[in-house]
$ cat upload-v5.cif   # mmCIF, C-alpha atoms
data_target
loop_
_atom_site.group_PDB
_atom_site.id
_atom_site.type_symbol
_atom_site.label_atom_id
_atom_site.label_comp_id
_atom_site.auth_asym_id
_atom_site.auth_seq_id
_atom_site.Cartn_x
_atom_site.Cartn_y
_atom_site.Cartn_z
ATOM 1 C CA MET A 1 10.254 -22.819 -6.149
ATOM 2 C CA LYS A 2 9.979 -19.811 -8.480
ATOM 3 C CA LEU A 3 13.340 -20.673 -10.020
ATOM 4 C CA LYS A 4 12.141 -24.218 -10.702
ATOM 5 C CA MET A 5 9.031 -22.869 -12.392
ATOM 6 C CA VAL A 6 11.047 -20.504 -14.607
ATOM 7 C CA ALA A 7 13.495 -23.294 -15.454
ATOM 8 C CA ALA A 8 10.596 -25.584 -16.380
ATOM 9 C CA LEU A 9 9.120 -22.966 -18.690
ATOM 10 C CA MET A 10 12.471 -22.281 -20.325
ATOM 11 C CA LEU A 11 12.844 -26.027 -20.934
ATOM 12 C CA PHE A 12 9.328 -26.072 -22.400
ATOM 13 C CA VAL A 13 10.188 -23.149 -24.664
ATOM 14 C CA GLY A 14 13.399 -24.859 -25.788
ATOM 15 C CA VAL A 15 11.719 -28.187 -26.494
ATOM 16 C CA THR A 16 8.804 -26.504 -28.248
ATOM 17 C CA GLY A 17 11.206 -24.520 -30.402
ATOM 18 C CA CYS A 18 13.121 -27.642 -31.397
ATOM 19 C CA ALA A 19 9.996 -29.677 -32.014
ATOM 20 C CA SER A 20 8.373 -26.978 -34.147
ATOM 21 C CA ASN A 21 11.233 -26.770 -36.638
ATOM 22 C CA ASP A 22 11.150 -28.988 -39.705
ATOM 23 C CA SER A 23 14.135 -30.989 -40.936
ATOM 24 C CA LYS A 24 15.117 -28.246 -43.397
ATOM 25 C CA SER A 25 15.406 -25.743 -40.533
ATOM 26 C CA ARG A 26 17.544 -28.107 -38.471
ATOM 27 C CA SER A 27 20.166 -28.155 -41.175
ATOM 28 C CA GLY A 28 21.399 -24.732 -40.105
ATOM 29 C CA SER A 29 19.282 -22.623 -42.423
ATOM 30 C CA SER A 30 18.847 -19.066 -41.191
ATOM 31 C CA ASP A 31 15.102 -19.017 -41.873
ATOM 32 C CA GLN A 32 14.116 -21.172 -38.903
ATOM 33 C CA ALA A 33 11.545 -20.065 -36.328
ATOM 34 C CA VAL A 34 12.681 -19.129 -32.837
ATOM 35 C CA THR A 35 10.554 -19.579 -29.733
ATOM 36 C CA SER A 36 11.068 -16.942 -27.068
ATOM 37 C CA LEU A 37 9.516 -15.645 -23.885
ATOM 38 C CA LEU A 38 7.789 -12.258 -24.037
ATOM 39 C CA PRO A 39 9.495 -9.412 -22.151
ATOM 40 C CA GLY A 40 8.494 -9.713 -18.508
ATOM 41 C CA GLY A 41 7.234 -13.252 -19.027
ATOM 42 C CA ALA A 42 9.614 -14.750 -16.482
ATOM 43 C CA LEU A 43 8.382 -12.246 -13.910
ATOM 44 C CA LEU A 44 4.704 -12.993 -14.559
ATOM 45 C CA ILE A 45 5.327 -16.751 -14.404
ATOM 46 C CA GLY A 46 6.623 -16.308 -10.878
ATOM 47 C CA PHE A 47 3.196 -15.008 -9.794
ATOM 48 C CA ASP A 48 1.476 -18.351 -10.539
ATOM 49 C CA ARG A 49 0.731 -19.588 -7.004
ATOM 50 C CA ASN A 50 -1.585 -22.509 -7.698
ATOM 51 C CA TYR A 51 0.644 -24.011 -10.417
ATOM 52 C CA ASP A 52 -2.097 -24.125 -13.051
ATOM 53 C CA TYR A 53 0.152 -22.548 -15.711
ATOM 54 C CA GLU A 54 -1.942 -19.376 -15.665
ATOM 55 C CA VAL A 55 -1.722 -16.071 -13.828
ATOM 56 C CA ASP A 56 -5.037 -14.450 -12.964
ATOM 57 C CA ARG A 57 -5.648 -10.922 -11.645
ATOM 58 C CA GLU A 58 -5.636 -12.061 -7.998
ATOM 59 C CA GLU A 59 -2.256 -13.762 -8.424
ATOM 60 C CA LEU A 60 -1.005 -10.652 -10.225
ATOM 61 C CA SER A 61 -2.091 -8.426 -7.353
ATOM 62 C CA LYS A 62 -0.506 -10.583 -4.658
ATOM 63 C CA GLY A 63 2.635 -11.192 -6.680
ATOM 64 C CA ARG A 64 2.994 -7.525 -7.557
ATOM 65 C CA ASP A 65 2.856 -6.428 -3.911
ATOM 66 C CA LYS A 66 5.345 -9.096 -2.811
ATOM 67 C CA ALA A 67 7.657 -8.279 -5.721
ATOM 68 C CA PHE A 68 7.670 -4.598 -4.778
ATOM 69 C CA GLU A 69 8.434 -5.416 -1.143
ATOM 70 C CA SER A 70 11.220 -7.732 -2.271
ATOM 71 C CA ALA A 71 12.719 -5.086 -4.558
ATOM 72 C CA ASP A 72 12.499 -2.230 -2.027
ATOM 73 C CA LEU A 73 15.460 -3.421 0.037
ATOM 74 C CA ASN A 74 15.521 -0.491 2.468
ATOM 75 C CA SER A 75 11.680 -0.348 2.785
ATOM 76 C CA ASP A 76 11.479 3.359 1.943
ATOM 77 C CA GLY A 77 8.644 2.934 -0.595
ATOM 78 C CA ILE A 78 10.960 3.582 -3.551
ATOM 79 C CA ILE A 79 12.967 1.195 -5.720
ATOM 80 C CA ASN A 80 16.206 2.872 -6.762
ATOM 81 C CA VAL A 81 18.517 1.758 -9.578
ATOM 82 C CA SER A 82 20.722 -0.359 -7.326
ATOM 83 C CA GLU A 83 17.758 -2.082 -5.678
ATOM 84 C CA PHE A 84 16.163 -2.723 -9.073
ATOM 85 C CA ARG A 85 19.318 -4.370 -10.420
ATOM 86 C CA GLN A 86 19.637 -6.620 -7.373
ATOM 87 C CA TRP A 87 15.955 -7.524 -7.522
ATOM 88 C CA LYS A 88 16.138 -8.450 -11.239
ATOM 89 C CA VAL A 89 18.878 -10.978 -10.537
ATOM 90 C CA LYS A 90 16.769 -12.588 -7.811
ATOM 91 C CA ALA A 91 13.374 -12.335 -9.510
ATOM 92 C CA ILE A 92 14.228 -12.906 -13.159
ATOM 93 C CA GLY A 93 17.714 -14.375 -13.088
ATOM 94 C CA SER A 94 19.692 -11.688 -14.888
ATOM 95 C CA ARG A 95 20.403 -7.961 -14.728
ATOM 96 C CA SER A 96 20.032 -7.773 -18.495
ATOM 97 C CA ALA A 97 16.638 -9.516 -18.659
ATOM 98 C CA GLN A 98 13.520 -7.527 -19.431
ATOM 99 C CA PRO A 99 11.729 -5.542 -18.128
ATOM 100 C CA HIS A 100 14.223 -2.768 -17.618
ATOM 101 C CA LEU A 101 13.913 0.050 -15.079
ATOM 102 C CA VAL A 102 12.558 2.480 -17.695
ATOM 103 C CA TYR A 103 9.563 0.192 -18.222
ATOM 104 C CA PHE A 104 8.401 1.106 -14.711
ATOM 105 C CA ASP A 105 10.030 4.521 -14.218
ATOM 106 C CA ARG A 106 7.554 6.633 -16.182
ATOM 107 C CA ASP A 107 8.967 9.985 -15.028
ATOM 108 C CA PHE A 108 12.597 8.928 -15.699
ATOM 109 C CA ASN A 109 13.930 9.972 -12.277
ATOM 110 C CA ASP A 110 15.697 6.618 -11.626
ATOM 111 C CA ARG A 111 13.210 5.827 -8.862
ATOM 112 C CA VAL A 112 10.172 3.561 -9.051
ATOM 113 C CA THR A 113 7.261 4.168 -6.699
ATOM 114 C CA GLN A 114 4.759 1.478 -5.807
ATOM 115 C CA LYS A 115 2.222 3.190 -8.088
ATOM 116 C CA GLU A 116 4.670 3.153 -11.035
ATOM 117 C CA PHE A 117 5.470 -0.496 -10.334
ATOM 118 C CA THR A 118 1.759 -1.353 -10.260
ATOM 119 C CA VAL A 119 1.064 0.510 -13.512
ATOM 120 C CA GLY A 120 4.014 -1.214 -15.201
ATOM 121 C CA LEU A 121 2.954 -4.704 -14.138
ATOM 122 C CA GLU A 122 -0.676 -4.058 -15.095
ATOM 123 C CA LYS A 123 0.473 -2.959 -18.557
ATOM 124 C CA MET A 124 2.719 -6.013 -18.846
ATOM 125 C CA PHE A 125 -0.175 -8.284 -17.830
ATOM 126 C CA ASN A 126 -2.634 -6.624 -20.227
ATOM 127 C CA ASP A 127 -0.155 -6.756 -23.115
ATOM 128 C CA ALA A 128 0.417 -10.471 -22.505
ATOM 129 C CA ASP A 129 -3.313 -11.248 -22.178
ATOM 130 C CA SER A 130 -3.833 -11.627 -25.932
ATOM 131 C CA ASN A 131 -7.385 -13.014 -25.669
ATOM 132 C CA SER A 132 -8.486 -10.437 -23.024
ATOM 133 C CA ASP A 133 -9.854 -13.029 -20.588
ATOM 134 C CA SER A 134 -8.067 -11.482 -17.553
ATOM 135 C CA VAL A 135 -5.855 -14.558 -17.321
ATOM 136 C CA VAL A 136 -2.360 -14.873 -18.756
ATOM 137 C CA SER A 137 -1.604 -18.447 -19.726
ATOM 138 C CA TYR A 138 1.928 -19.687 -20.247
ATOM 139 C CA GLN A 139 1.075 -20.097 -23.931
ATOM 140 C CA GLU A 140 0.365 -16.369 -24.144
ATOM 141 C CA LEU A 141 3.835 -15.659 -22.764
ATOM 142 C CA VAL A 142 5.568 -17.643 -25.514
ATOM 143 C CA LYS A 143 6.188 -16.002 -28.859
ATOM 144 C CA ILE A 144 7.302 -17.749 -32.019
ATOM 145 C CA VAL A 145 9.377 -15.487 -34.211
ATOM 146 C CA SER A 146 10.140 -16.423 -37.790
ATOM 147 C CA ALA A 147 13.037 -15.038 -39.739
ATOM 148 C CA PRO A 148 12.008 -12.569 -42.448
ATOM 149 C CA GLU A 149 11.574 -14.057 -45.895
ATOM 150 C CA ARG A 150 14.530 -13.613 -48.176
ATOM 151 C CA SER A 151 14.055 -11.894 -51.470
ATOM 152 C CA ARG A 152 14.958 -14.033 -54.465
ATOM 153 C CA GLY A 153 15.976 -11.050 -56.611
ATOM 154 C CA GLY A 154 18.204 -8.059 -55.983
ATOM 155 C CA SER A 155 17.035 -5.266 -53.757
ATOM 156 C CA LYS A 156 16.207 -1.878 -55.210
ATOM 157 C CA GLY A 157 18.655 0.912 -54.569
ATOM 158 C CA SER A 158 21.385 -1.283 -53.143
ATOM 159 C CA GLY A 159 23.856 -1.329 -55.982
ATOM 160 C CA GLY A 160 21.603 -3.133 -58.432
ATOM 161 C CA ARG A 161 20.091 -1.529 -61.508
ATOM 162 C CA GLY A 162 17.952 1.531 -60.850
ATOM 163 C CA SER A 163 14.607 2.312 -62.455
ATOM 164 C CA ASP A 164 16.449 3.868 -65.440
ATOM 165 C CA GLY A 165 18.469 0.677 -65.988
ATOM 166 C CA LYS A 166 21.806 2.179 -64.919
ATOM 167 C CA LYS A 167 23.858 0.186 -62.475
ATOM 168 C CA GLY A 168 24.709 1.787 -59.115
ATOM 169 C CA GLN A 169 22.024 4.447 -59.152
ATOM 170 C CA GLY A 170 21.048 4.100 -55.502
ATOM 171 C CA ARG A 171 18.488 6.180 -53.633
ATOM 172 C CA SER A 172 21.034 8.676 -52.336
ATOM 173 C CA GLN A 173 21.811 9.857 -55.849
ATOM 174 C CA ARG A 174 18.148 10.324 -56.818
ATOM 175 C CA SER A 175 17.018 11.753 -53.499
ATOM 176 C CA ASN A 176 16.253 15.415 -52.872
ATOM 177 C CA PHE A 177 17.279 15.257 -49.216
#

$ encode --input "upload-v5.cif" --output "C-alpha cells"
Amino acid sequence: MKLKMVAALMLFVGVTGCASNDSKSRSGSSDQAVTSLLPGGALLIGFDRNYDYEVDREELSKGRDKAFESADLNSDGIINVSEFRQWKVKAIGSRSAQPHLVYFDRDFNDRVTQKEFTVGLEKMFNDADSNSDSVVSYQELVKIVSAPERSRGGSKGSGGRGSDGKKGQGRSQRSNF
C-alpha cells in the first residue's frame, strides 16, 4: 500500500511538473522549472495512515516507531549501515534516495539509535512543515525548482574585459591570494 501511495505522489509530481511548464519551456529550453520531492518526502508520505494527503504528529510518531523496528533487522536497538541500506530500498525504493545515514547518525559512528532516528525524523518533519501547523501536507513535500536566470552579457573575470578594459584580466591575476 505504501508503494502505491509513493507511486501516486510521484505521478502527481510528474504531471504537475509537466502542467506547470509553458510552451516555451516544453521546446527543450534549459530554463524550465522542475518539480521534485523534498529529501525524505517519500518516507514521510508513507506515514499517512488515513489517506488524507497529510501527515500529522500522531502519524509521524506511529510511523517513526514502525520504521525503526522495520530497519532494525536483528532487533538489537541499533540500525547499522547494512540494515539502513536494506531498509531504504524497502521504505523509500532506492539505496541512493535521501535521507542518507548521516542525516540520522549525528555522532558519525555508523550506527543509528532509536533516539537518533527520532531526532532525525522530527527534524525532517519540522523542516517540511513550512507553515508550522504541525501537519505536513503533500503540497509541502513538493518543491518547484527553477533554473537560474541566464545573464545576457559576459561574466566578469571569466575571460571578458576586466575593469581596466584589458581582455583576459581575470580575478586570479588581480587577486592578492

$ residues_around --input "upload-v5.cif" --residues "Asn126 in chain A" --least-positions-apart "3" --cutoff "12 Å" --atoms "all atoms listed in the file" --output "list of chain:residue names"
A:Gly40, A:Gly41, A:Leu44, A:Val55, A:Asp56, A:Arg57, A:Leu60, A:Val119, A:Gly120, A:Leu121, A:Glu122, A:Lys123, A:Asp129, A:Ser130, A:Asn131, A:Ser132, A:Asp133, A:Ser134, A:Val135, A:Val136, A:Ser137, A:Glu140, A:Leu141

$ closest_residue --input "upload-v5.cif" --among "A:Val142, A:Leu101, A:Leu37, A:Val81" --to "Glu116 in chain A" --atoms "all atoms listed in the file"
A:Leu101

$ atom_distance --input "upload-v5.cif" --atom1 "CA of Ala128 in chain A" --atom2 "CA of Tyr103 in chain A"
14.7 Å

$ atom_distance --input "upload-v5.cif" --atom1 "CA of Pro99 in chain A" --atom2 "CA of Asp52 in chain A"
23.7 Å

$ atom_distance --input "upload-v5.cif" --atom1 "CA of Gln86 in chain A" --atom2 "CA of Asp127 in chain A"
25.3 Å

$ residues_near_point --input "upload-v5.cif" --point "(19.0, -1.0, -11.3)" --cutoff "12 Å" --atoms "all atoms listed in the file" --output "number ranges by chain"
A: 71-72, 79-89, 94-105, 110-112

$ axis_aligned_box --input "upload-v5.cif" --around "range 115-119 of chain A" --padding-each-side "5 Å" --output "lines of an AutoDock Vina configuration file"
center_x = 3.3
center_y = 0.9
center_z = -10.8
size_x = 14.4
size_y = 14.5
size_z = 15.4

$ closest_residue --input "upload-v5.cif" --among "A:Asn74, A:Ile144, A:Val34, A:Phe47" --to "Lys62 in chain A" --atoms "all atoms listed in the file"
A:Phe47

$ closest_residue --input "upload-v5.cif" --among "A:Phe108, A:Ala91, A:Lys143, A:Gly63" --to "Asp48 in chain A" --atoms "only C-alpha atoms"
A:Gly63

$ closest_residue --input "upload-v5.cif" --among "A:Phe125, A:Leu73, A:Gln139, A:Asp107" --to "Glu59 in chain A" --atoms "only C-alpha atoms"
A:Phe125

$ build_atoms --input "upload-v5.cif" --residues "range 119-133 of chain A" --atoms "N, CA and C atoms" --output "mmCIF file, in the frame of the given file"
data_model
loop_
_atom_site.group_PDB
_atom_site.id
_atom_site.type_symbol
_atom_site.label_atom_id
_atom_site.label_comp_id
_atom_site.auth_asym_id
_atom_site.auth_seq_id
_atom_site.Cartn_x
_atom_site.Cartn_y
_atom_site.Cartn_z
ATOM 1 N N VAL A 119 1.463 0.150 -12.143
ATOM 2 C CA VAL A 119 1.064 0.510 -13.512
ATOM 3 C C VAL A 119 1.865 -0.307 -14.529
ATOM 4 N N GLY A 120 3.169 -0.446 -14.300
ATOM 5 C CA GLY A 120 4.014 -1.214 -15.201
ATOM 6 C C GLY A 120 3.610 -2.678 -15.288
ATOM 7 N N LEU A 121 3.350 -3.291 -14.135
ATOM 8 C CA LEU A 121 2.954 -4.704 -14.138
ATOM 9 C C LEU A 121 1.560 -4.911 -14.727
ATOM 10 N N GLU A 122 0.655 -3.973 -14.491
ATOM 11 C CA GLU A 122 -0.676 -4.058 -15.095
ATOM 12 C C GLU A 122 -0.575 -3.983 -16.621
ATOM 13 N N LYS A 123 0.269 -3.081 -17.109
ATOM 14 C CA LYS A 123 0.473 -2.959 -18.557
ATOM 15 C C LYS A 123 1.080 -4.246 -19.117
ATOM 16 N N MET A 124 2.079 -4.773 -18.418
ATOM 17 C CA MET A 124 2.719 -6.013 -18.846
ATOM 18 C C MET A 124 1.691 -7.149 -18.914
ATOM 19 N N PHE A 125 0.856 -7.254 -17.892
ATOM 20 C CA PHE A 125 -0.175 -8.284 -17.830
ATOM 21 C C PHE A 125 -1.162 -8.110 -18.982
ATOM 22 N N ASN A 126 -1.645 -6.886 -19.178
ATOM 23 C CA ASN A 126 -2.634 -6.624 -20.227
ATOM 24 C C ASN A 126 -2.052 -6.873 -21.621
ATOM 25 N N ASP A 127 -0.800 -6.506 -21.827
ATOM 26 C CA ASP A 127 -0.155 -6.756 -23.115
ATOM 27 C C ASP A 127 -0.016 -8.255 -23.386
ATOM 28 N N ALA A 128 0.250 -9.021 -22.349
ATOM 29 C CA ALA A 128 0.417 -10.471 -22.505
ATOM 30 C C ALA A 128 -0.917 -11.191 -22.661
ATOM 31 N N ASP A 129 -1.986 -10.618 -22.135
ATOM 32 C CA ASP A 129 -3.313 -11.248 -22.178
ATOM 33 C C ASP A 129 -3.923 -11.057 -23.564
ATOM 34 N N SER A 130 -3.453 -11.821 -24.530
ATOM 35 C CA SER A 130 -3.833 -11.627 -25.932
ATOM 36 C C SER A 130 -5.306 -11.900 -26.222
ATOM 37 N N ASN A 131 -5.964 -12.735 -25.432
ATOM 38 C CA ASN A 131 -7.385 -13.014 -25.669
ATOM 39 C C ASN A 131 -8.300 -12.241 -24.715
ATOM 40 N N SER A 132 -7.737 -11.338 -23.919
ATOM 41 C CA SER A 132 -8.486 -10.437 -23.024
ATOM 42 C C SER A 132 -9.444 -11.158 -22.084
ATOM 43 N N ASP A 133 -9.008 -12.289 -21.528
ATOM 44 C CA ASP A 133 -9.854 -13.029 -20.588
ATOM 45 C C ASP A 133 -9.440 -12.803 -19.134
#
